[in-house]
>>> print(open('structure.csv').read())   # CSV, C-alpha atoms and all ligand atoms
chain,number,residue,atom,x,y,z
A,1,MET,CA,122.7,175.2,-161.8
A,2,HIS,CA,124.9,172.3,-162.8
A,3,SER,CA,126.8,170.9,-159.9
A,4,GLU,CA,130.3,169.7,-160.3
A,5,ASN,CA,129.0,166.2,-159.9
A,6,THR,CA,126.7,166.6,-162.9
A,7,ALA,CA,129.5,168.2,-164.9
A,8,ASN,CA,131.6,165.1,-164.3
A,9,ARG,CA,128.8,162.8,-165.4
A,10,LYS,CA,128.7,164.7,-168.8
A,11,THR,CA,132.0,163.2,-169.8
A,12,ALA,CA,131.3,159.8,-168.2
A,13,GLY,CA,130.0,156.8,-170.2
A,14,PRO,CA,127.4,154.3,-169.4
A,15,TRP,CA,127.2,152.4,-166.1
A,16,VAL,CA,125.2,149.7,-164.4
A,17,ASP,CA,124.1,149.9,-160.8
A,18,ILE,CA,124.2,146.4,-159.4
A,19,ASP,CA,122.0,146.0,-156.3
A,20,LEU,CA,123.7,143.4,-154.1
A,21,THR,CA,120.8,143.4,-151.6
A,22,ALA,CA,118.3,142.5,-154.4
A,23,LEU,CA,120.8,139.8,-155.6
A,24,CYS,CA,120.7,138.3,-152.1
A,25,GLU,CA,117.0,138.6,-151.8
A,26,ASN,CA,116.6,136.7,-155.1
A,27,PHE,CA,118.9,134.0,-153.7
A,28,ALA,CA,116.8,133.8,-150.6
A,29,MET,CA,113.6,133.7,-152.6
A,30,LEU,CA,114.9,130.8,-154.8
A,31,ARG,CA,116.0,128.9,-151.7
A,32,GLU,CA,112.5,129.3,-150.2
A,33,ALA,CA,110.9,128.3,-153.5
A,34,ALA,CA,112.7,124.9,-153.3
A,35,PRO,CA,112.9,124.3,-149.5
A,36,GLY,CA,113.9,120.7,-149.8
A,37,ALA,CA,117.0,121.5,-151.9
A,38,GLU,CA,120.3,123.2,-151.4
A,39,THR,CA,120.5,126.4,-153.6
A,40,ALA,CA,123.8,126.8,-155.5
A,41,ALA,CA,124.7,129.9,-157.6
A,42,VAL,CA,125.7,129.8,-161.2
A,43,VAL,CA,128.4,132.4,-161.7
A,44,LYS,CA,129.8,131.5,-165.1
A,45,CYS,CA,130.7,134.2,-167.7
A,46,ASP,CA,131.8,136.6,-165.0
A,47,ALA,CA,128.6,136.2,-163.1
A,48,TYR,CA,126.5,136.9,-166.2
A,49,GLY,CA,128.6,140.0,-166.9
A,50,LEU,CA,128.2,141.5,-163.4
A,51,GLY,CA,131.6,140.7,-161.9
A,52,LEU,CA,132.5,137.3,-160.5
A,53,ALA,CA,134.2,138.3,-157.3
A,54,PRO,CA,131.7,140.9,-155.9
A,55,ILE,CA,128.7,138.7,-156.8
A,56,ALA,CA,130.2,135.5,-155.3
A,57,GLN,CA,131.4,137.2,-152.2
A,58,ALA,CA,128.0,138.8,-151.5
A,59,LEU,CA,126.2,135.4,-151.9
A,60,ALA,CA,128.8,133.6,-149.7
A,61,THR,CA,129.0,136.1,-146.9
A,62,ARG,CA,125.4,137.3,-146.7
A,63,GLU,CA,123.5,134.2,-147.8
A,64,ASN,CA,126.0,131.5,-146.8
A,65,CYS,CA,126.0,130.1,-150.4
A,66,GLN,CA,128.5,127.3,-150.4
A,67,THR,CA,128.1,125.7,-153.8
A,68,PHE,CA,128.9,127.4,-157.1
A,69,PHE,CA,128.9,126.5,-160.8
A,70,VAL,CA,131.1,127.9,-163.5
A,71,ALA,CA,131.7,126.9,-167.1
A,72,TYR,CA,135.5,126.9,-167.4
A,73,PRO,CA,138.2,125.7,-165.0
A,74,GLU,CA,139.9,129.2,-165.4
A,75,GLU,CA,136.7,130.7,-164.0
A,76,GLY,CA,136.8,128.2,-161.2
A,77,ALA,CA,140.4,129.2,-160.3
A,78,GLN,CA,139.4,132.9,-160.2
A,79,LEU,CA,136.4,132.1,-158.1
A,80,ARG,CA,138.5,130.0,-155.7
A,81,ALA,CA,140.8,133.0,-155.2
A,82,ALA,CA,137.9,135.4,-154.8
A,83,LEU,CA,136.4,133.2,-152.1
A,84,SER,CA,139.6,132.5,-150.2
A,85,SER,CA,138.6,134.4,-147.1
A,86,SER,CA,134.7,134.5,-147.4
A,87,ALA,CA,134.1,130.8,-148.2
A,88,PRO,CA,137.3,128.8,-148.4
A,89,GLU,CA,135.4,125.5,-148.2
A,90,ALA,CA,133.0,126.3,-151.0
A,91,LYS,CA,132.4,123.6,-153.6
A,92,ILE,CA,133.1,124.8,-157.1
A,93,TYR,CA,131.7,122.7,-160.0
A,94,VAL,CA,132.9,123.2,-163.6
A,95,PHE,CA,130.3,122.4,-166.2
A,96,ASN,CA,132.8,121.8,-169.1
A,97,GLY,CA,134.7,119.1,-167.2
A,98,PRO,CA,138.4,118.4,-167.4
A,99,LEU,CA,140.5,118.2,-170.5
A,100,PRO,CA,144.1,116.8,-170.5
A,101,ASP,CA,145.6,120.3,-170.4
A,102,THR,CA,143.3,121.7,-167.8
A,103,ILE,CA,143.3,118.9,-165.2
A,104,LYS,CA,146.1,120.7,-163.3
A,105,ILE,CA,143.8,123.7,-162.7
A,106,PHE,CA,141.3,121.4,-161.1
A,107,GLU,CA,143.9,120.1,-158.7
A,108,GLU,CA,145.4,123.5,-157.9
A,109,ALA,CA,142.1,125.3,-157.3
A,110,ALA,CA,140.3,122.3,-155.7
A,111,LEU,CA,137.6,122.3,-158.4
A,112,THR,CA,135.1,119.6,-158.9
A,113,PRO,CA,134.5,118.6,-162.6
A,114,VAL,CA,131.2,117.9,-164.2
A,115,ILE,CA,131.9,114.8,-166.2
A,116,ASN,CA,130.3,114.8,-169.6
A,117,SER,CA,131.7,111.8,-171.4
A,118,ALA,CA,133.2,108.3,-170.8
A,119,GLU,CA,136.6,109.6,-171.8
A,120,GLN,CA,136.5,112.4,-169.1
A,121,ALA,CA,135.3,109.9,-166.6
A,122,LYS,CA,138.2,107.5,-167.2
A,123,LYS,CA,140.7,110.4,-167.1
A,124,TRP,CA,139.4,111.8,-163.9
A,125,ALA,CA,139.0,108.4,-162.1
A,126,SER,CA,142.5,107.3,-163.1
A,127,ARG,CA,144.1,110.6,-162.1
A,128,LYS,CA,142.1,111.0,-158.9
A,129,PRO,CA,140.5,107.7,-157.9
A,130,GLY,CA,137.6,108.2,-155.6
A,131,ALA,CA,137.7,112.0,-155.8
A,132,PRO,CA,134.2,113.5,-156.1
A,133,CYS,CA,132.8,114.6,-159.4
A,134,ALA,CA,129.4,115.5,-160.9
A,135,LEU,CA,128.0,113.6,-163.8
A,136,HIS,CA,125.9,115.3,-166.4
A,137,VAL,CA,123.3,113.1,-168.1
A,138,ASP,CA,121.7,114.4,-171.2
A,139,THR,CA,118.0,113.7,-171.0
A,140,GLY,CA,117.0,115.6,-174.1
A,141,MET,CA,118.9,118.8,-174.6
A,142,ASN,CA,121.4,117.0,-176.9
A,143,ARG,CA,124.1,119.5,-176.1
A,144,LEU,CA,126.4,118.3,-173.3
A,145,GLY,CA,126.5,115.3,-171.1
A,146,ALA,CA,126.5,111.5,-171.3
A,147,PRO,CA,123.6,109.8,-173.1
A,148,VAL,CA,121.1,108.0,-170.8
A,149,GLY,CA,121.9,104.7,-172.5
A,150,GLU,CA,125.6,104.9,-171.5
A,151,LEU,CA,125.0,105.5,-167.8
A,152,ALA,CA,125.4,101.9,-166.7
A,153,GLY,CA,129.0,102.1,-167.8
A,154,PHE,CA,129.7,105.1,-165.5
A,155,ALA,CA,127.9,103.4,-162.6
A,156,ALA,CA,130.1,100.4,-163.0
A,157,MET,CA,133.4,102.4,-162.7
A,158,SER,CA,134.5,101.7,-159.1
A,159,ASP,CA,137.0,104.7,-159.0
A,160,LEU,CA,134.4,107.2,-160.2
A,161,ASN,CA,132.8,108.9,-157.2
A,162,VAL,CA,129.7,110.7,-158.5
A,163,ASP,CA,128.5,113.0,-155.8
A,164,VAL,CA,126.0,114.9,-157.9
A,165,LEU,CA,124.0,113.6,-160.9
A,166,MET,CA,122.8,116.5,-163.0
A,167,SER,CA,120.7,117.2,-166.1
A,168,HIS,CA,119.4,120.4,-167.7
A,169,LEU,CA,116.0,121.3,-169.0
A,170,ALA,CA,115.7,122.4,-172.7
A,171,CYS,CA,112.3,124.1,-172.3
A,172,GLY,CA,112.4,125.5,-168.8
A,173,SER,CA,111.3,128.9,-170.3
A,174,GLU,CA,107.9,127.3,-171.0
A,175,PRO,CA,106.9,125.5,-167.8
A,176,GLY,CA,103.9,123.8,-169.6
A,177,HIS,CA,106.1,122.3,-172.3
A,178,ALA,CA,105.8,118.5,-172.5
A,179,LYS,CA,109.5,118.1,-172.8
A,180,ASN,CA,110.0,119.2,-169.2
A,181,SER,CA,108.2,116.3,-167.6
A,182,GLU,CA,109.8,113.9,-170.1
A,183,GLN,CA,113.2,115.0,-169.1
A,184,ARG,CA,112.3,115.0,-165.4
A,185,ASP,CA,111.1,111.4,-165.7
A,186,ALA,CA,114.1,110.3,-167.7
A,187,PHE,CA,116.3,111.9,-165.1
A,188,ALA,CA,114.6,110.2,-162.2
A,189,HIS,CA,115.0,106.9,-163.9
A,190,SER,CA,118.7,107.5,-164.5
A,191,ALA,CA,119.2,108.4,-160.9
A,192,THR,CA,118.3,104.9,-159.8
A,193,LEU,CA,121.8,103.9,-161.1
A,194,PHE,CA,123.5,106.3,-158.7
A,195,PRO,CA,121.8,105.9,-155.3
A,196,ASN,CA,124.5,107.8,-153.4
A,197,ALA,CA,124.5,110.9,-155.6
A,198,ARG,CA,122.6,114.0,-155.0
A,199,GLN,CA,120.3,115.0,-157.9
A,200,SER,CA,120.3,118.4,-159.6
A,201,LEU,CA,117.9,119.2,-162.5
A,202,ALA,CA,116.7,122.8,-161.9
A,203,ALA,CA,118.3,126.0,-163.2
A,204,SER,CA,116.3,129.2,-162.4
A,205,ALA,CA,113.2,128.0,-164.2
A,206,GLY,CA,113.1,124.6,-162.6
A,207,ALA,CA,113.6,126.1,-159.2
A,208,LEU,CA,110.5,128.2,-159.7
A,209,MET,CA,108.5,125.3,-161.1
A,210,ASP,CA,106.7,122.6,-159.1
A,211,PRO,CA,108.6,120.6,-156.4
A,212,SER,CA,109.0,117.6,-158.7
A,213,TYR,CA,111.8,119.6,-160.5
A,214,HIS,CA,113.6,120.7,-157.4
A,215,CYS,CA,115.5,117.5,-156.4
A,216,ASP,CA,118.5,118.0,-154.0
A,217,LEU,CA,120.4,120.9,-155.5
A,218,THR,CA,119.2,123.8,-157.6
A,219,ARG,CA,121.5,125.7,-160.0
A,220,PRO,CA,119.9,129.2,-160.6
A,221,GLY,CA,121.8,131.8,-162.6
A,222,ILE,CA,119.6,134.4,-164.4
A,223,ALA,CA,117.0,134.8,-161.6
A,224,LEU,CA,119.7,135.8,-159.1
A,225,TYR,CA,120.6,138.6,-161.5
A,226,GLY,CA,117.0,139.9,-161.8
A,227,GLY,CA,116.2,138.2,-165.1
A,228,SER,CA,113.1,136.1,-165.7
A,229,PRO,CA,113.9,132.6,-166.9
A,230,PHE,CA,110.4,132.4,-168.4
A,231,ASP,CA,109.1,134.0,-171.6
A,232,VAL,CA,107.3,136.5,-169.4
A,233,ASP,CA,108.2,138.7,-166.4
A,234,ASP,CA,108.1,137.0,-163.0
A,235,ALA,CA,107.1,139.2,-160.1
A,236,ARG,CA,109.0,137.0,-157.6
A,237,ILE,CA,112.3,138.2,-159.1
A,238,LYS,CA,113.6,141.6,-158.0
A,239,PRO,CA,115.5,143.8,-160.4
A,240,VAL,CA,119.2,143.8,-159.7
A,241,VAL,CA,120.8,145.6,-162.6
A,242,THR,CA,120.0,149.1,-163.9
A,243,LEU,CA,121.6,150.2,-167.1
A,244,ASN,CA,122.2,154.0,-167.2
A,245,ALA,CA,123.6,156.3,-169.9
A,246,PRO,CA,124.2,160.1,-169.5
A,247,ILE,CA,122.7,162.5,-172.0
A,248,VAL,CA,125.6,164.1,-173.9
A,249,GLN,CA,123.6,166.4,-176.2
A,250,ILE,CA,120.1,167.7,-176.9
A,251,ARG,CA,119.2,168.7,-180.5
A,252,ARG,CA,116.2,170.1,-182.3
A,253,VAL,CA,115.4,168.4,-185.5
A,254,ALA,CA,113.0,169.9,-188.1
A,255,ALA,CA,110.2,168.0,-189.7
A,256,GLY,CA,111.5,166.0,-192.6
A,257,GLU,CA,115.0,165.6,-191.1
A,258,THR,CA,116.4,162.2,-190.2
A,259,VAL,CA,118.4,160.8,-187.2
A,260,GLY,CA,121.4,158.5,-187.2
A,261,TYR,CA,123.1,156.1,-189.6
A,262,GLY,CA,121.0,155.0,-192.6
A,263,ALA,CA,118.4,157.8,-191.9
A,264,THR,CA,116.0,155.2,-190.4
A,265,PHE,CA,114.1,157.8,-188.3
A,266,THR,CA,112.4,160.7,-190.0
A,267,ALA,CA,110.9,163.5,-187.9
A,268,THR,CA,107.3,164.1,-188.9
A,269,ALA,CA,107.1,167.3,-186.8
A,270,PRO,CA,109.7,169.4,-184.9
A,271,THR,CA,111.4,166.8,-182.8
A,272,LEU,CA,113.7,167.0,-179.7
A,273,ILE,CA,116.4,164.3,-179.7
A,274,ALA,CA,118.5,163.5,-176.6
A,275,THR,CA,121.8,161.8,-177.5
A,276,VAL,CA,123.1,159.4,-174.9
A,277,ALA,CA,126.5,157.8,-174.3
A,278,LEU,CA,125.7,154.1,-174.9
A,279,GLY,CA,125.9,152.0,-178.0
A,280,TYR,CA,126.4,148.6,-179.5
A,281,GLY,CA,130.0,148.9,-178.5
A,282,ASP,CA,128.7,148.6,-174.9
A,283,GLY,CA,126.5,145.7,-175.8
A,284,PHE,CA,123.3,147.5,-176.5
A,285,PRO,CA,121.9,145.6,-179.5
A,286,THR,CA,121.3,147.4,-182.8
A,287,ALA,CA,118.1,145.4,-183.0
A,288,GLY,CA,116.7,147.8,-180.4
A,289,SER,CA,117.0,150.6,-183.0
A,290,ASN,CA,113.7,152.6,-183.2
A,291,LYS,CA,112.1,150.0,-180.8
A,292,ALA,CA,113.6,150.0,-177.3
A,293,VAL,CA,112.7,152.7,-174.7
A,294,ALA,CA,114.6,154.5,-172.0
A,295,THR,CA,113.3,156.4,-168.9
A,296,ILE,CA,114.4,159.9,-168.1
A,297,ALA,CA,113.2,161.3,-164.8
A,298,GLY,CA,110.3,159.0,-164.8
A,299,GLU,CA,109.2,159.7,-168.4
A,300,ARG,CA,109.5,157.2,-171.3
A,301,ALA,CA,111.4,158.0,-174.5
A,302,LYS,CA,111.9,155.7,-177.5
A,303,ILE,CA,115.1,155.2,-179.4
A,304,ALA,CA,115.1,157.3,-182.6
A,305,GLY,CA,117.3,156.0,-185.4
A,306,ARG,CA,119.9,153.3,-185.4
A,307,VAL,CA,121.9,152.4,-182.3
A,308,SER,CA,125.5,153.3,-183.2
A,309,MET,CA,128.7,152.2,-181.6
A,310,ASP,CA,128.9,154.8,-178.8
A,311,LEU,CA,125.7,156.8,-179.1
A,312,ILE,CA,121.9,156.4,-179.1
A,313,GLY,CA,119.3,159.0,-180.0
A,314,LEU,CA,116.1,159.2,-177.9
A,315,ASP,CA,113.0,161.0,-179.0
A,316,VAL,CA,112.2,163.2,-176.0
A,317,THR,CA,109.7,165.5,-177.8
A,318,ALA,CA,106.7,164.4,-175.8
A,319,LEU,CA,108.4,164.7,-172.4
A,320,LYS,CA,106.7,167.1,-170.0
A,321,THR,CA,110.0,168.2,-168.6
A,322,PRO,CA,112.6,168.7,-171.4
A,323,PRO,CA,115.7,166.8,-170.4
A,324,GLN,CA,119.1,168.4,-169.9
A,325,VAL,CA,122.6,167.4,-170.8
A,326,GLY,CA,124.1,165.5,-167.9
A,327,GLU,CA,120.8,163.8,-166.9
A,328,THR,CA,120.5,160.1,-167.0
A,329,ALA,CA,118.5,157.8,-169.3
A,330,GLU,CA,117.7,154.4,-167.8
A,331,PHE,CA,117.4,151.5,-170.3
A,332,PHE,CA,116.3,148.8,-167.8
A,333,GLY,CA,116.2,148.3,-164.1
A,334,LYS,CA,113.8,149.8,-161.6
A,335,SER,CA,111.8,151.7,-164.3
A,336,GLY,CA,111.5,149.0,-166.9
A,337,SER,CA,112.2,145.3,-166.8
A,338,LEU,CA,115.3,143.6,-168.2
A,339,HIS,CA,113.0,141.2,-169.9
A,340,ALA,CA,111.0,144.0,-171.6
A,341,ALA,CA,114.3,145.6,-172.8
A,342,ALA,CA,115.6,142.3,-174.1
A,343,SER,CA,112.3,141.7,-175.9
A,344,ALA,CA,112.4,145.1,-177.5
A,345,CYS,CA,115.9,144.2,-178.8
A,346,GLY,CA,114.8,140.8,-180.1
A,347,THR,CA,116.9,139.0,-177.5
A,348,ILE,CA,116.8,137.5,-174.0
A,349,PRO,CA,117.9,138.8,-170.6
A,350,TYR,CA,120.9,136.5,-170.6
A,351,GLU,CA,122.4,137.9,-173.8
A,352,LEU,CA,121.8,141.5,-172.8
A,353,LEU,CA,123.6,141.1,-169.4
A,354,THR,CA,126.5,138.9,-170.6
A,355,GLY,CA,126.9,141.3,-173.6
A,356,LEU,CA,127.5,144.4,-171.5
A,357,GLY,CA,130.9,145.7,-172.6
A,358,GLY,CA,134.0,146.6,-170.8
A,359,ARG,CA,133.3,150.4,-171.0
A,360,VAL,CA,130.1,149.9,-168.9
A,361,ASP,CA,131.2,150.8,-165.4
A,362,ARG,CA,130.0,148.2,-162.8
A,363,ARG,CA,128.8,150.1,-159.6
A,364,TYR,CA,127.8,148.0,-156.6
A,365,VAL,CA,125.1,149.4,-154.4
B,1,LIG,C1,123.8,128.3,-167.3
B,1,LIG,C2,123.4,127.0,-166.7
B,1,LIG,C3,122.5,127.1,-165.5
B,1,LIG,C4,121.9,128.3,-165.0
B,1,LIG,O1,120.8,128.6,-165.9
B,1,LIG,P1,119.8,129.9,-165.6
B,1,LIG,O2,118.7,129.7,-166.6
B,1,LIG,O3,120.6,131.1,-165.8
B,1,LIG,O4,119.3,129.7,-164.2
B,1,LIG,C5,122.3,125.9,-164.9
B,1,LIG,N1,122.7,124.7,-165.4
B,1,LIG,C6,123.5,124.6,-166.5
B,1,LIG,C7,123.9,123.3,-167.0
B,1,LIG,C8,123.8,125.8,-167.2
B,1,LIG,O5,124.5,125.7,-168.3
>>> encode(input="structure.csv", output="structure tokens")
Amino acid sequence: MHSENTANRKTAGPWVDIDLTALCENFAMLREAAPGAETAAVVKCDAYGLGLAPIAQALATRENCQTFFVAYPEEGAQLRAALSSSAPEAKIYVFNGPLPDTIKIFEEAALTPVINSAEQAKKWASRKPGAPCALHVDTGMNRLGAPVGELAGFAAMSDLNVDVLMSHLACGSEPGHAKNSEQRDAFAHSATLFPNARQSLAASAGALMDPSYHCDLTRPGIALYGGSPFDVDDARIKPVVTLNAPIVQIRRVAAGETVGYGATFTATAPTLIATVALGYGDGFPTAGSNKAVATIAGERAKIAGRVSMDLIGLDVTALKTPPQVGETAEFFGKSGSLHAAASACGTIPYELLTGLGGRVDRRYV
């Protein structure tokens, strides 16, 4: 019965299917949610683990995305190379800004820094007087950016050309949180010092909140990749990533026997366990042990025992159709949301995606 294809999959490891059409639909949805603003794409951390070049190229060619954000200048240089034919004029902003030993990368790859301190501003303005930069004002995150009280000093620097003034919401995951409107109002006040700069406040959450958060430029990341930026699922966002693992063994376990390291699962009745090729070495969190579920041919099966480095056991006893070696278990994607999988593992969609390891094959569909 087993085709050669199935036989091949027996020895294969985990993979993700990355739906580039859904990615582009999410970009279009975010653009329509904030119609007065330009929509940029945040592609830091290898486009949230999905692959910088294919993601950026799809957004540039299919959706004409022309503005990108990364965290490090090295990421910006990689992105510049990836976009050399599809979007050679793209603007690439680098959140972490220039350091003395990275400023050359900014020049070589035509990157635009996001300035976070007076020191960075002085360095940039003296090295490249009048060259555009973004300025990050910290309105309450207390992480990165210039304090609101110091902004007048930046505005007074004649060689500093701030083309985007940006800030970042600390509590975007909870749209009703009082801190959101406080930050928005502090940001609007700061912006009066930079009348020529475009304003950017919204990441995914802000872009999906009311128009007072949209400003001139939105910077979504996670929603592009199918993750909800909120503490709940958001039906506007289409699933992009499906995590799959092949079943490598089926075993019968008698009542009273245990499964996996530490014997954390005990069979209370005769139990059927499907062992799949996926583990914490691939970025699947051990916190999902005995909690997270997978879907096999449309039926749900919970993890039995501890997640180990390369393998996970699934309790498939109750499945109507007993699964076979070579079949696929899906951990999130079309059958169950990324958000639900992350919750079951005590984490967030961002961490689950960016944690996907190098053994997980990225397949673009
Ligand atoms: C990562 C990041 C974003 C994107 O955030 P999402 O929640 O993934 O949309 C936007 N702005 C800044 C400053 C960031 O660090």
>>> atom_distance(input="structure.csv", atom1="atom CA of Val16 of chain A", atom2="atom CA of Thr242 of chain A")
5.3 Å
>>> residues_near_ligand(input="structure.csv", ligand="ligand LIG 1 (chain B)", cutoff="8 Å", atoms="only C-alpha atoms and all ligand atoms", output="list in words")
Val42, Lys44, Phe69, Ala71, Phe95, Met166, Ser167, His168, Gly172, Leu201, Ala202, Ala203, Ser204, Ala205, Arg219, Pro220, Gly221, Ile222, Ala223, Leu224, Pro229 and Tyr350 of chain A
>>> closest_residue(input="structure.csv", among="A:Ala90, A:Arg306, A:Glu330, A:Asp361", to="Cys345 of chain A", atoms="all atoms listed in the file")
A:Arg306
>>> atom_distance(input="structure.csv", atom1="atom CA of Val43 of chain A", atom2="atom CA of Pro147 of chain A")
25.8 Å
>>> closest_residue(input="structure.csv", among="A:Ser289, A:Asp185, A:Gly49, A:Arg62", to="Thr354 of chain A", atoms="only C-alpha atoms")
A:Gly49
>>> closest_residue(input="structure.csv", among="A:Asp233, A:Asp17, A:Asp138, A:Asp310", to="Ala170 of chain A", atoms="all atoms listed in the file")
A:Asp138
>>> residues_around(input="structure.csv", residues="Val148 of chain A", least_positions_apart="6", cutoff="7 Å", atoms="only C-alpha atoms", output="MDAnalysis selection string")
chainID A and resid 137:139 190
>>> residues_around(input="structure.csv", residues="Gly346 of chain A", least_positions_apart="3", cutoff="12 Å", atoms="only C-alpha atoms", output="number ranges by chain")
A: 284-289, 291-292, 339-343, 349, 351-352
>>> residues_around(input="structure.csv", residues="Ala33 of chain A", least_positions_apart="4", cutoff="12 Å", atoms="all atoms listed in the file", output="list in words")
Asn26, Phe27, Ala28, Met29, Ala37, Glu38, Thr39, Ala202, Ser204, Ala205, Gly206, Ala207, Leu208, Met209, Asp210, Pro211, Tyr213, His214, Thr218, Pro220, Arg236 and Ile237 of chain A
>>> residues_around(input="structure.csv", residues="Tyr261 of chain A", least_positions_apart="4", cutoff="10 Å", atoms="only C-alpha atoms", output="number ranges by chain")
A: 265, 305-308
>>> closest_residue(input="structure.csv", among="A:Ser335, A:Asn196, A:Ser86, A:Asn161", to="Ala121 of chain A", atoms="only C-alpha atoms")
A:Asn161
>>> decode(input="structure.csv", residues="segment 243-259 of chain A", atoms="N, CA and C atoms", output="PDB file, in the first residue's frame")
ATOM      1  N   LEU A 243       2.812  23.376  10.864  1.00  0.00           N
ATOM      2  CA  LEU A 243       3.936  22.561  11.355  1.00  0.00           C
ATOM      3  C   LEU A 243       3.557  21.089  11.304  1.00  0.00           C
ATOM      4  N   ASN A 244       4.328  20.313  10.564  1.00  0.00           N
ATOM      5  CA  ASN A 244       4.033  18.894  10.353  1.00  0.00           C
ATOM      6  C   ASN A 244       5.170  18.018  10.852  1.00  0.00           C
ATOM      7  N   ALA A 245       4.794  16.838  11.341  1.00  0.00           N
ATOM      8  CA  ALA A 245       5.809  15.852  11.722  1.00  0.00           C
ATOM      9  C   ALA A 245       5.337  14.477  11.280  1.00  0.00           C
ATOM     10  N   PRO A 246       6.214  13.679  10.688  1.00  0.00           N
ATOM     11  CA  PRO A 246       5.818  12.335  10.265  1.00  0.00           C
ATOM     12  C   PRO A 246       5.789  11.361  11.448  1.00  0.00           C
ATOM     13  N   ILE A 247       4.817  10.454  11.397  1.00  0.00           N
ATOM     14  CA  ILE A 247       4.769   9.378  12.397  1.00  0.00           C
ATOM     15  C   ILE A 247       5.871   8.375  12.044  1.00  0.00           C
ATOM     16  N   VAL A 248       6.735   8.087  13.020  1.00  0.00           N
ATOM     17  CA  VAL A 248       7.842   7.158  12.757  1.00  0.00           C
ATOM     18  C   VAL A 248       7.637   5.797  13.425  1.00  0.00           C
ATOM     19  N   GLN A 249       6.717   5.710  14.379  1.00  0.00           N
ATOM     20  CA  GLN A 249       6.439   4.420  15.006  1.00  0.00           C
ATOM     21  C   GLN A 249       5.075   4.465  15.703  1.00  0.00           C
ATOM     22  N   ILE A 250       4.431   3.287  15.718  1.00  0.00           N
ATOM     23  CA  ILE A 250       3.172   3.137  16.472  1.00  0.00           C
ATOM     24  C   ILE A 250       3.418   2.050  17.517  1.00  0.00           C
ATOM     25  N   ARG A 251       3.089   2.318  18.752  1.00  0.00           N
ATOM     26  CA  ARG A 251       3.228   1.240  19.750  1.00  0.00           C
ATOM     27  C   ARG A 251       2.011   1.088  20.638  1.00  0.00           C
ATOM     28  N   ARG A 252       1.833  -0.181  21.070  1.00  0.00           N
ATOM     29  CA  ARG A 252       0.773  -0.489  22.037  1.00  0.00           C
ATOM     30  C   ARG A 252       1.381  -0.459  23.423  1.00  0.00           C
ATOM     31  N   VAL A 253       0.713   0.217  24.318  1.00  0.00           N
ATOM     32  CA  VAL A 253       1.206   0.351  25.684  1.00  0.00           C
ATOM     33  C   VAL A 253       0.127  -0.209  26.617  1.00  0.00           C
ATOM     34  N   ALA A 254       0.535  -1.130  27.479  1.00  0.00           N
ATOM     35  CA  ALA A 254      -0.436  -1.766  28.397  1.00  0.00           C
ATOM     36  C   ALA A 254      -0.771  -0.820  29.545  1.00  0.00           C
ATOM     37  N   ALA A 255      -1.938  -1.039  30.135  1.00  0.00           N
ATOM     38  CA  ALA A 255      -2.343  -0.248  31.304  1.00  0.00           C
ATOM     39  C   ALA A 255      -1.250  -0.334  32.363  1.00  0.00           C
ATOM     40  N   GLY A 256      -0.950   0.793  32.958  1.00  0.00           N
ATOM     41  CA  GLY A 256       0.070   0.830  34.005  1.00  0.00           C
ATOM     42  C   GLY A 256       1.449   1.186  33.489  1.00  0.00           C
ATOM     43  N   GLU A 257       1.665   1.079  32.173  1.00  0.00           N
ATOM     44  CA  GLU A 257       2.970   1.442  31.620  1.00  0.00           C
ATOM     45  C   GLU A 257       3.055   2.961  31.412  1.00  0.00           C
ATOM     46  N   THR A 258       4.271   3.448  31.283  1.00  0.00           N
ATOM     47  CA  THR A 258       4.470   4.897  31.137  1.00  0.00           C
ATOM     48  C   THR A 258       5.094   5.216  29.781  1.00  0.00           C
ATOM     49  N   VAL A 259       5.032   6.486  29.404  1.00  0.00           N
ATOM     50  CA  VAL A 259       5.575   6.941  28.118  1.00  0.00           C
ATOM     51  C   VAL A 259       6.577   8.071  28.363  1.00  0.00           C
TER      52      VAL A 259
END
